[in-house]
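Participant: Contents of work_34.txt (compact mmCIF, N, CA, C and O atoms):
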# COMPACT_ATOMS: atom_id res chain seq x y z
N MET A 1 190.20 135.46 -105.88
CA MET A 1 189.30 136.53 -105.50
C MET A 1 189.54 136.86 -104.03
O MET A 1 189.55 135.99 -103.18
N ALA A 2 189.70 138.13 -103.71
CA ALA A 2 189.96 138.57 -102.34
C ALA A 2 188.67 138.51 -101.52
O ALA A 2 187.59 138.79 -102.03
N PRO A 3 188.79 138.13 -100.23
CA PRO A 3 187.58 138.09 -99.40
C PRO A 3 187.03 139.49 -99.19
O PRO A 3 187.75 140.48 -99.24
N SER A 4 185.72 139.57 -98.98
CA SER A 4 185.12 140.88 -98.75
C SER A 4 185.64 141.45 -97.44
O SER A 4 186.11 140.73 -96.57
N SER A 5 185.54 142.76 -97.29
CA SER A 5 186.02 143.38 -96.06
C SER A 5 185.21 142.90 -94.86
O SER A 5 185.75 142.75 -93.77
N THR A 6 183.91 142.62 -95.04
CA THR A 6 183.09 142.11 -93.94
C THR A 6 183.61 140.75 -93.50
O THR A 6 183.74 140.49 -92.30
N ALA A 7 183.91 139.87 -94.44
CA ALA A 7 184.42 138.55 -94.10
C ALA A 7 185.77 138.65 -93.41
O ALA A 7 186.05 137.91 -92.46
N ALA A 8 186.60 139.59 -93.85
CA ALA A 8 187.91 139.77 -93.23
C ALA A 8 187.77 140.26 -91.79
O ALA A 8 188.49 139.80 -90.90
N VAL A 9 186.84 141.17 -91.57
CA VAL A 9 186.61 141.68 -90.21
C VAL A 9 186.10 140.56 -89.32
O VAL A 9 186.55 140.39 -88.18
N ARG A 10 185.14 139.78 -89.81
CA ARG A 10 184.62 138.66 -89.02
C ARG A 10 185.72 137.67 -88.67
O ARG A 10 185.81 137.20 -87.54
N ALA A 11 186.57 137.35 -89.62
CA ALA A 11 187.67 136.42 -89.37
C ALA A 11 188.64 136.99 -88.33
O ALA A 11 189.10 136.27 -87.44
N ALA A 12 188.92 138.27 -88.42
CA ALA A 12 189.83 138.90 -87.46
C ALA A 12 189.24 138.89 -86.06
O ALA A 12 189.93 138.63 -85.07
N LEU A 13 187.93 139.14 -85.96
CA LEU A 13 187.27 139.11 -84.64
C LEU A 13 187.30 137.71 -84.06
O LEU A 13 187.56 137.52 -82.88
N ARG A 14 187.03 136.70 -84.89
CA ARG A 14 187.05 135.32 -84.39
C ARG A 14 188.45 134.93 -83.90
O ARG A 14 188.59 134.16 -82.97
N ALA A 15 189.45 135.47 -84.55
CA ALA A 15 190.82 135.16 -84.16
C ALA A 15 191.29 135.98 -82.97
O ALA A 15 192.36 135.74 -82.43
N GLY A 16 190.50 136.94 -82.54
CA GLY A 16 190.88 137.77 -81.40
C GLY A 16 191.89 138.83 -81.77
O GLY A 16 192.59 139.37 -80.92
N ARG A 17 191.96 139.17 -83.02
CA ARG A 17 192.92 140.17 -83.48
C ARG A 17 192.63 141.51 -82.79
O ARG A 17 191.49 141.91 -82.63
N ALA A 18 193.64 142.20 -82.40
CA ALA A 18 193.58 143.53 -81.79
C ALA A 18 192.91 143.50 -80.43
O ALA A 18 192.33 144.46 -79.99
N GLY A 19 192.98 142.36 -79.74
CA GLY A 19 192.45 142.30 -78.38
C GLY A 19 190.98 142.00 -78.34
O GLY A 19 190.45 141.36 -79.22
N ALA A 20 190.34 142.49 -77.33
CA ALA A 20 188.93 142.15 -77.08
C ALA A 20 188.05 143.36 -77.29
O ALA A 20 188.46 144.49 -77.12
N TRP A 21 186.82 143.09 -77.64
CA TRP A 21 185.80 144.12 -77.67
C TRP A 21 185.11 144.10 -76.33
O TRP A 21 185.33 143.23 -75.51
N HIS A 22 184.24 145.05 -76.10
CA HIS A 22 183.53 145.17 -74.83
C HIS A 22 182.98 143.82 -74.37
O HIS A 22 182.19 143.20 -75.05
N GLY A 23 183.42 143.38 -73.20
CA GLY A 23 182.89 142.16 -72.61
C GLY A 23 183.49 140.88 -73.15
O GLY A 23 183.18 139.82 -72.65
N GLY A 24 184.31 140.95 -74.15
CA GLY A 24 184.88 139.74 -74.74
C GLY A 24 186.30 139.50 -74.28
O GLY A 24 186.84 140.20 -73.43
N HIS A 25 186.89 138.49 -74.81
CA HIS A 25 188.27 138.12 -74.52
C HIS A 25 188.94 137.81 -75.84
O HIS A 25 188.28 137.41 -76.80
N PRO A 26 190.27 137.93 -75.92
CA PRO A 26 190.94 137.58 -77.16
C PRO A 26 190.55 136.17 -77.60
O PRO A 26 190.50 135.25 -76.81
N GLY A 27 190.18 136.04 -78.86
CA GLY A 27 189.75 134.77 -79.39
C GLY A 27 188.27 134.48 -79.18
O GLY A 27 187.74 133.49 -79.65
N ASP A 28 187.57 135.35 -78.47
CA ASP A 28 186.15 135.18 -78.19
C ASP A 28 185.40 136.28 -78.94
O ASP A 28 185.51 137.45 -78.58
N PRO A 29 184.63 135.92 -79.98
CA PRO A 29 184.03 136.94 -80.83
C PRO A 29 182.77 137.60 -80.28
O PRO A 29 182.21 138.45 -80.93
N ARG A 30 182.33 137.25 -79.08
CA ARG A 30 181.09 137.83 -78.57
C ARG A 30 181.26 139.29 -78.20
O ARG A 30 182.26 139.66 -77.60
N VAL A 31 180.30 140.08 -78.58
CA VAL A 31 180.26 141.49 -78.21
C VAL A 31 178.86 141.82 -77.70
O VAL A 31 177.91 141.11 -77.98
N GLY A 32 178.75 142.90 -76.93
CA GLY A 32 177.46 143.33 -76.44
C GLY A 32 176.82 144.31 -77.41
O GLY A 32 177.50 145.12 -78.02
N LEU A 33 175.52 144.22 -77.55
CA LEU A 33 174.78 145.13 -78.42
C LEU A 33 173.63 145.72 -77.62
O LEU A 33 172.77 144.99 -77.13
N SER A 34 173.62 147.04 -77.47
CA SER A 34 172.54 147.74 -76.78
C SER A 34 171.78 148.57 -77.80
O SER A 34 172.38 149.28 -78.60
N VAL A 35 170.45 148.44 -77.79
CA VAL A 35 169.61 149.14 -78.75
C VAL A 35 168.65 150.06 -78.01
O VAL A 35 167.76 149.59 -77.31
N PRO A 36 168.83 151.39 -78.14
CA PRO A 36 167.88 152.31 -77.50
C PRO A 36 166.55 152.28 -78.26
O PRO A 36 166.52 152.38 -79.47
N VAL A 37 165.46 152.12 -77.52
CA VAL A 37 164.13 152.02 -78.10
C VAL A 37 163.28 153.14 -77.50
O VAL A 37 163.04 153.15 -76.30
N ARG A 38 162.83 154.06 -78.34
CA ARG A 38 162.11 155.23 -77.84
C ARG A 38 160.61 155.20 -78.13
O ARG A 38 159.87 156.02 -77.63
N SER A 39 160.17 154.27 -78.98
CA SER A 39 158.75 154.20 -79.32
C SER A 39 158.38 152.77 -79.67
O SER A 39 159.26 151.92 -79.87
N ASP A 40 157.08 152.51 -79.75
CA ASP A 40 156.62 151.17 -80.13
C ASP A 40 157.08 150.84 -81.55
O ASP A 40 157.44 149.71 -81.84
N ALA A 41 157.12 151.84 -82.43
CA ALA A 41 157.61 151.62 -83.80
C ALA A 41 159.08 151.23 -83.78
O ALA A 41 159.51 150.33 -84.52
N ASP A 42 159.89 151.90 -82.93
CA ASP A 42 161.30 151.54 -82.78
C ASP A 42 161.43 150.09 -82.31
O ASP A 42 162.28 149.34 -82.79
N LEU A 43 160.58 149.71 -81.36
CA LEU A 43 160.64 148.35 -80.82
C LEU A 43 160.31 147.32 -81.89
O LEU A 43 161.01 146.33 -82.03
N ARG A 44 159.25 147.57 -82.66
CA ARG A 44 158.89 146.63 -83.73
C ARG A 44 160.04 146.49 -84.73
O ARG A 44 160.39 145.38 -85.14
N ALA A 45 160.64 147.61 -85.12
CA ALA A 45 161.73 147.58 -86.08
C ALA A 45 162.96 146.87 -85.51
O ALA A 45 163.60 146.06 -86.20
N ALA A 46 163.27 147.16 -84.25
CA ALA A 46 164.44 146.52 -83.63
C ALA A 46 164.25 145.01 -83.52
O ALA A 46 165.15 144.23 -83.86
N LEU A 47 163.07 144.58 -83.06
CA LEU A 47 162.82 143.14 -82.91
C LEU A 47 162.87 142.43 -84.26
O LEU A 47 163.42 141.33 -84.37
N ALA A 48 162.33 143.05 -85.30
CA ALA A 48 162.36 142.44 -86.63
C ALA A 48 163.79 142.33 -87.15
O ALA A 48 164.19 141.29 -87.68
N THR A 49 164.56 143.39 -86.98
CA THR A 49 165.94 143.40 -87.46
C THR A 49 166.79 142.38 -86.70
O THR A 49 167.57 141.63 -87.30
N LEU A 50 166.64 142.34 -85.39
CA LEU A 50 167.41 141.40 -84.58
C LEU A 50 167.03 139.96 -84.90
O LEU A 50 167.90 139.08 -84.98
N ALA A 51 165.74 139.70 -85.12
CA ALA A 51 165.30 138.34 -85.48
C ALA A 51 165.87 137.93 -86.83
O ALA A 51 166.34 136.80 -87.00
N GLU A 52 165.86 138.86 -87.79
CA GLU A 52 166.41 138.57 -89.11
C GLU A 52 167.91 138.27 -89.04
O GLU A 52 168.40 137.39 -89.73
N ALA A 53 168.61 138.99 -88.16
CA ALA A 53 170.05 138.78 -88.01
C ALA A 53 170.37 137.58 -87.12
O ALA A 53 171.50 137.11 -87.08
N GLY A 54 169.36 137.11 -86.37
CA GLY A 54 169.58 135.97 -85.49
C GLY A 54 170.43 136.29 -84.27
O GLY A 54 171.18 135.45 -83.80
N VAL A 55 170.30 137.52 -83.77
CA VAL A 55 171.08 137.93 -82.60
C VAL A 55 170.17 138.47 -81.50
O VAL A 55 169.05 138.90 -81.77
N ASN A 56 170.67 138.42 -80.29
CA ASN A 56 169.98 139.01 -79.14
C ASN A 56 170.71 140.27 -78.74
O ASN A 56 171.89 140.45 -79.05
N ALA A 57 169.99 141.15 -78.05
CA ALA A 57 170.58 142.42 -77.65
C ALA A 57 169.99 142.85 -76.32
O ALA A 57 169.04 142.26 -75.82
N THR A 58 170.57 143.89 -75.77
CA THR A 58 169.98 144.57 -74.62
C THR A 58 169.12 145.68 -75.18
O THR A 58 169.61 146.58 -75.86
N LEU A 59 167.82 145.59 -74.95
CA LEU A 59 166.89 146.61 -75.41
C LEU A 59 166.73 147.64 -74.30
O LEU A 59 166.30 147.32 -73.20
N LEU A 60 167.12 148.87 -74.58
CA LEU A 60 167.04 149.95 -73.60
C LEU A 60 165.68 150.61 -73.75
O LEU A 60 165.39 151.27 -74.75
N LEU A 61 164.80 150.39 -72.75
CA LEU A 61 163.43 150.86 -72.79
C LEU A 61 163.16 151.83 -71.66
O LEU A 61 163.66 151.65 -70.55
N SER A 62 162.33 152.83 -71.92
CA SER A 62 161.89 153.70 -70.82
C SER A 62 160.82 152.94 -70.05
O SER A 62 160.10 152.11 -70.61
N PRO A 63 160.70 153.21 -68.75
CA PRO A 63 159.64 152.56 -67.98
C PRO A 63 158.26 152.82 -68.57
O PRO A 63 157.40 151.95 -68.57
N ALA A 64 158.03 154.03 -69.12
CA ALA A 64 156.73 154.34 -69.71
C ALA A 64 156.44 153.46 -70.92
O ALA A 64 155.32 152.96 -71.08
N LEU A 65 157.43 153.24 -71.77
CA LEU A 65 157.24 152.40 -72.95
C LEU A 65 157.06 150.94 -72.55
O LEU A 65 156.31 150.20 -73.19
N ALA A 66 157.70 150.54 -71.48
CA ALA A 66 157.64 149.14 -71.05
C ALA A 66 156.27 148.74 -70.52
O ALA A 66 155.91 147.56 -70.57
N ARG A 67 155.49 149.72 -70.06
CA ARG A 67 154.13 149.41 -69.57
C ARG A 67 153.33 148.78 -70.70
O ARG A 67 153.31 149.28 -71.81
N GLY A 68 152.69 147.69 -70.41
CA GLY A 68 151.86 147.03 -71.41
C GLY A 68 152.61 146.01 -72.26
O GLY A 68 151.98 145.26 -73.00
N LEU A 69 153.93 145.97 -72.19
CA LEU A 69 154.68 144.95 -72.92
C LEU A 69 154.67 143.66 -72.12
O LEU A 69 154.66 143.67 -70.90
N ASP A 70 154.71 142.54 -72.80
CA ASP A 70 154.85 141.28 -72.09
C ASP A 70 156.21 140.67 -72.38
O ASP A 70 156.85 140.97 -73.39
N ARG A 71 156.64 139.85 -71.45
CA ARG A 71 157.97 139.25 -71.53
C ARG A 71 158.15 138.42 -72.80
O ARG A 71 159.23 138.39 -73.38
N ALA A 72 157.08 137.75 -73.25
CA ALA A 72 157.18 136.91 -74.44
C ALA A 72 157.58 137.71 -75.67
O ALA A 72 158.32 137.22 -76.53
N ARG A 73 157.12 138.95 -75.76
CA ARG A 73 157.45 139.79 -76.93
C ARG A 73 158.94 140.08 -77.00
O ARG A 73 159.50 140.29 -78.07
N LEU A 74 159.59 140.08 -75.85
CA LEU A 74 161.02 140.41 -75.78
C LEU A 74 161.88 139.16 -75.61
O LEU A 74 163.05 139.26 -75.26
N ALA A 75 161.33 137.99 -75.85
CA ALA A 75 162.01 136.72 -75.61
C ALA A 75 163.43 136.71 -76.16
O ALA A 75 163.66 137.07 -77.31
N GLY A 76 164.35 136.32 -75.31
CA GLY A 76 165.75 136.20 -75.71
C GLY A 76 166.56 137.47 -75.55
O GLY A 76 167.78 137.45 -75.66
N HIS A 77 165.90 138.59 -75.34
CA HIS A 77 166.61 139.86 -75.23
C HIS A 77 166.66 140.31 -73.77
O HIS A 77 165.74 140.08 -73.01
N GLU A 78 167.76 140.95 -73.41
CA GLU A 78 167.89 141.53 -72.08
C GLU A 78 167.15 142.87 -72.09
O GLU A 78 167.08 143.54 -73.12
N VAL A 79 166.61 143.25 -70.95
CA VAL A 79 165.94 144.55 -70.82
C VAL A 79 166.82 145.47 -70.01
O VAL A 79 167.29 145.11 -68.93
N GLY A 80 167.08 146.66 -70.54
CA GLY A 80 167.80 147.71 -69.83
C GLY A 80 166.91 148.94 -69.78
O GLY A 80 165.90 149.02 -70.48
N GLY A 81 167.29 149.88 -68.94
CA GLY A 81 166.50 151.09 -68.78
C GLY A 81 167.02 152.23 -69.63
O GLY A 81 168.20 152.28 -69.96
N LEU A 82 166.13 153.15 -69.95
CA LEU A 82 166.49 154.32 -70.74
C LEU A 82 165.76 155.54 -70.17
O LEU A 82 164.55 155.49 -69.96
N GLY A 83 166.50 156.59 -69.90
CA GLY A 83 165.89 157.83 -69.43
C GLY A 83 165.70 157.87 -67.93
O GLY A 83 166.52 157.37 -67.17
N ASP A 84 164.60 158.47 -67.51
CA ASP A 84 164.29 158.67 -66.10
C ASP A 84 164.07 157.33 -65.40
O ASP A 84 163.22 156.55 -65.82
N PRO A 85 164.81 157.06 -64.33
CA PRO A 85 164.68 155.77 -63.66
C PRO A 85 163.42 155.61 -62.81
O PRO A 85 163.19 154.54 -62.26
N ALA A 86 162.58 156.64 -62.72
CA ALA A 86 161.31 156.47 -62.01
C ALA A 86 160.53 155.40 -62.76
O ALA A 86 160.43 155.42 -63.98
N GLY A 87 160.03 154.44 -62.06
CA GLY A 87 159.32 153.34 -62.70
C GLY A 87 160.19 152.14 -62.98
O GLY A 87 159.77 151.19 -63.63
N ALA A 88 161.43 152.18 -62.48
CA ALA A 88 162.34 151.06 -62.70
C ALA A 88 161.79 149.72 -62.22
O ALA A 88 162.04 148.71 -62.86
N PRO A 89 161.04 149.67 -61.12
CA PRO A 89 160.49 148.37 -60.70
C PRO A 89 159.62 147.72 -61.77
O PRO A 89 159.60 146.50 -61.89
N GLY A 90 158.95 148.51 -62.58
CA GLY A 90 158.16 147.96 -63.68
C GLY A 90 159.03 147.28 -64.71
O GLY A 90 158.65 146.26 -65.29
N LEU A 91 160.21 147.83 -64.95
CA LEU A 91 161.15 147.18 -65.87
C LEU A 91 161.66 145.87 -65.29
O LEU A 91 161.85 144.90 -66.01
N ASP A 92 161.89 145.84 -63.97
CA ASP A 92 162.32 144.61 -63.32
C ASP A 92 161.28 143.51 -63.53
O ASP A 92 161.63 142.36 -63.82
N VAL A 93 160.02 143.86 -63.39
CA VAL A 93 158.94 142.87 -63.58
C VAL A 93 158.93 142.40 -65.02
O VAL A 93 158.84 141.20 -65.30
N LEU A 94 159.03 143.33 -65.97
CA LEU A 94 159.04 142.96 -67.39
C LEU A 94 160.22 142.05 -67.71
O LEU A 94 160.08 141.06 -68.41
N ALA A 95 161.39 142.39 -67.17
CA ALA A 95 162.60 141.62 -67.46
C ALA A 95 162.60 140.28 -66.73
O ALA A 95 163.28 139.35 -67.15
N GLY A 96 161.87 140.19 -65.63
CA GLY A 96 161.88 138.96 -64.84
C GLY A 96 163.11 138.85 -63.97
O GLY A 96 163.39 137.80 -63.39
N THR A 97 163.86 139.92 -63.89
CA THR A 97 165.10 139.98 -63.10
C THR A 97 165.43 141.46 -62.88
O THR A 97 164.96 142.30 -63.64
N PRO A 98 166.22 141.79 -61.88
CA PRO A 98 166.58 143.20 -61.69
C PRO A 98 167.31 143.76 -62.92
O PRO A 98 168.18 143.11 -63.49
N VAL A 99 166.91 144.96 -63.32
CA VAL A 99 167.56 145.63 -64.44
C VAL A 99 168.85 146.25 -63.93
O VAL A 99 168.84 147.04 -63.00
N THR A 100 169.97 145.89 -64.55
CA THR A 100 171.27 146.38 -64.10
C THR A 100 171.94 147.30 -65.12
O THR A 100 172.98 147.86 -64.85
N THR A 101 171.34 147.45 -66.29
CA THR A 101 171.88 148.32 -67.33
C THR A 101 170.95 149.50 -67.49
O THR A 101 169.74 149.32 -67.64
N TRP A 102 171.51 150.71 -67.44
CA TRP A 102 170.68 151.91 -67.58
C TRP A 102 171.44 152.94 -68.40
O TRP A 102 172.63 153.12 -68.22
N ALA A 103 170.74 153.61 -69.28
CA ALA A 103 171.34 154.66 -70.10
C ALA A 103 170.48 155.92 -70.01
O ALA A 103 169.26 155.82 -69.90
N THR A 104 171.12 157.05 -70.02
CA THR A 104 170.40 158.32 -70.09
C THR A 104 170.60 158.88 -71.49
O THR A 104 171.61 158.59 -72.13
N PRO A 105 169.65 159.65 -72.01
CA PRO A 105 169.80 160.18 -73.37
C PRO A 105 171.13 160.92 -73.59
O PRO A 105 171.69 160.86 -74.67
N GLU A 106 171.64 161.55 -72.54
CA GLU A 106 172.90 162.27 -72.69
C GLU A 106 174.08 161.31 -72.92
O GLU A 106 175.10 161.70 -73.48
N ARG A 107 173.94 160.06 -72.48
CA ARG A 107 175.04 159.10 -72.60
C ARG A 107 174.96 158.25 -73.85
O ARG A 107 175.81 157.41 -74.08
N LEU A 108 173.93 158.41 -74.67
CA LEU A 108 173.80 157.60 -75.89
C LEU A 108 174.63 158.15 -77.01
O LEU A 108 174.78 159.31 -77.18
Please rewrite the model in this file as structure tokens.
Facilitator:
Amino acid sequence: MAPSSTAAVRAALRAGRAGAWHGGHPGDPRVGLSVPVRSDADLRAALATLAEAGVNATLLLSPALARGLDRARLAGHEVGGLGDPAGAPGLDVLAGTPVTTWATPERL
């Protein structure tokens, strides 16, 4: 029985086939995952999906959406900015570290 295409892709990534993906090195299967979050519903869905998959990601949040969130809710995930950078210091507080990743809607 032939392996599924998903299994073949995973094996090729682990072997470093075709070079590296963003942030990785040949033979290193780690890749970066950024998830734009535009609403509380998006955040709930993203956190549930990521938890089910057992992976962490960079959650791209607007400063307005980040107000009222606590760090524990985002445990294990990096916080990045989305949209207008006004209010970026609030994201820094939420992340517990300076936010160094930022995306604008035009760049998504």
Participant: Please provide as JSON, numbers by chain all residues within 6 Å of Asn56 in chain A, with the sequence filter that same-chain residues fewer than 5 positions apart are discarded (counting only N, CA, C and O atoms).
Facilitator: {"A": [33, 50, 76, 77]}
Participant: Could you write out that same residue set with N, CA, C and O atoms as a short mmCIF file (atom, residue, chain, number, x, y, z; two decimals), keeping the file's coordinate frame?
Facilitator:
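again.cif was written with the following content:
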data_model
loop_
_atom_site.label_atom_id
_atom_site.label_comp_id
_atom_site.auth_asym_id
_atom_site.auth_seq_id
_atom_site.Cartn_x
_atom_site.Cartn_y
_atom_site.Cartn_z
N LEU A 33 175.52 144.22 -77.55
CA LEU A 33 174.78 145.13 -78.42
C LEU A 33 173.63 145.72 -77.62
O LEU A 33 172.77 144.99 -77.13
N LEU A 50 166.64 142.34 -85.39
CA LEU A 50 167.41 141.40 -84.58
C LEU A 50 167.03 139.96 -84.90
O LEU A 50 167.90 139.08 -84.98
N GLY A 76 164.35 136.32 -75.31
CA GLY A 76 165.75 136.20 -75.71
C GLY A 76 166.56 137.47 -75.55
O GLY A 76 167.78 137.45 -75.66
N HIS A 77 165.90 138.59 -75.34
CA HIS A 77 166.61 139.86 -75.23
C HIS A 77 166.66 140.31 -73.77
O HIS A 77 165.74 140.08 -73.01
#
Participant: Measuring between only C-alpha atoms, which one of A:Ala53, A:Val79, A:Ala86, A:Leu65 shows the shortest distance to Val35 in chain A?
Facilitator: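 Smallest separation from Val35 in chain A among the options: A:Val79.
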Participant: Taking every listed atom of range 82-94 of chain A and adding 5 Å to each side, what centre and edge lengths in Å (one decimal) does the axis-aligned box have, as lines of an AutoDock Vina configuration file?
Facilitator:
center_x = 162.3
center_y = 149.9
center_z = -65.7
size_x = 18.4
size_y = 27.6
size_z = 20.0
Participant: In Å, how far is it from CA of Ala48 in chain A to atom O of Pro36 in chain A?
Facilitator: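 Straight-line distance from CA of Ala48 in chain A to atom O of Pro36 in chain A works out to 12.9 Å.
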Participant: Distance atom O of Thr58 in chain A-atom O of Gly80 in chain A, one decimal place?
Facilitator: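 Atom O of Gly80 in chain A lies at a distance of 7.0 Å from atom O of Thr58 in chain A.
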Participant: May I ask which of the residues A:Gly54, A:Gly96, A:Val37, A:Leu59 is the closest one to Arg71 in chain A, counting all atoms listed in the file?
Facilitator: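 For Arg71 in chain A, the nearest of the candidates is A:Gly96.
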Participant: Just how far from CA of Ala95 in chain A is CA of Ala75 in chain A, in Å to one decimal?
Facilitator: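 Separating CA of Ala75 in chain A from CA of Ala95 in chain A is a distance of 9.5 Å.
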Participant: Smallest atom-to-atom distance to Ala66 in chain A: which of A:Leu91, A:Gly83, A:Ala45, A:Glu78, using all atoms listed in the file?
Facilitator: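 Going through A:Leu91, A:Gly83, A:Ala45, A:Glu78 one by one, the smallest distance to Ala66 in chain A is for A:Leu91.
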Participant: Select, from A:Glu52, A:Leu74, A:Arg67, A:Arg44, the residue with the minimum atom-to-atom distance to Gly90 in chain A, counting only C-alpha atoms.
Facilitator: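 Of all the options, A:Arg67 lies closest to Gly90 in chain A.
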Participant: Of the candidates A:Leu47, A:Val55, A:Ala88, A:Ala41, which shows the shortest atom-to-atom distance to Ala72 in chain A, using only C-alpha atoms?
Facilitator: A:Leu47
Participant: I need the residues in range 21-76 of chain A that are alpha helix (DSSP H) according to DSSP; give them as a list in words.
Facilitator: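 Checking each residue of range 21-76 of chain A, the alpha helix (DSSP H) ones are Asp40, Ala41, Asp42, Leu43, Arg44, Ala45, Ala46, Leu47, Ala48, Thr49, Leu50, Ala51, Glu52, Ala53, Pro63, Ala64, Leu65 and Ala66 of chain A.
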Participant: With distances taken over all atoms listed in the file, which of A:Leu69, A:Ala51, A:Leu61, A:Leu82 is nearest to Thr104 in chain A?
Facilitator: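 Closest to Thr104 in chain A of all the choices is A:Leu82.
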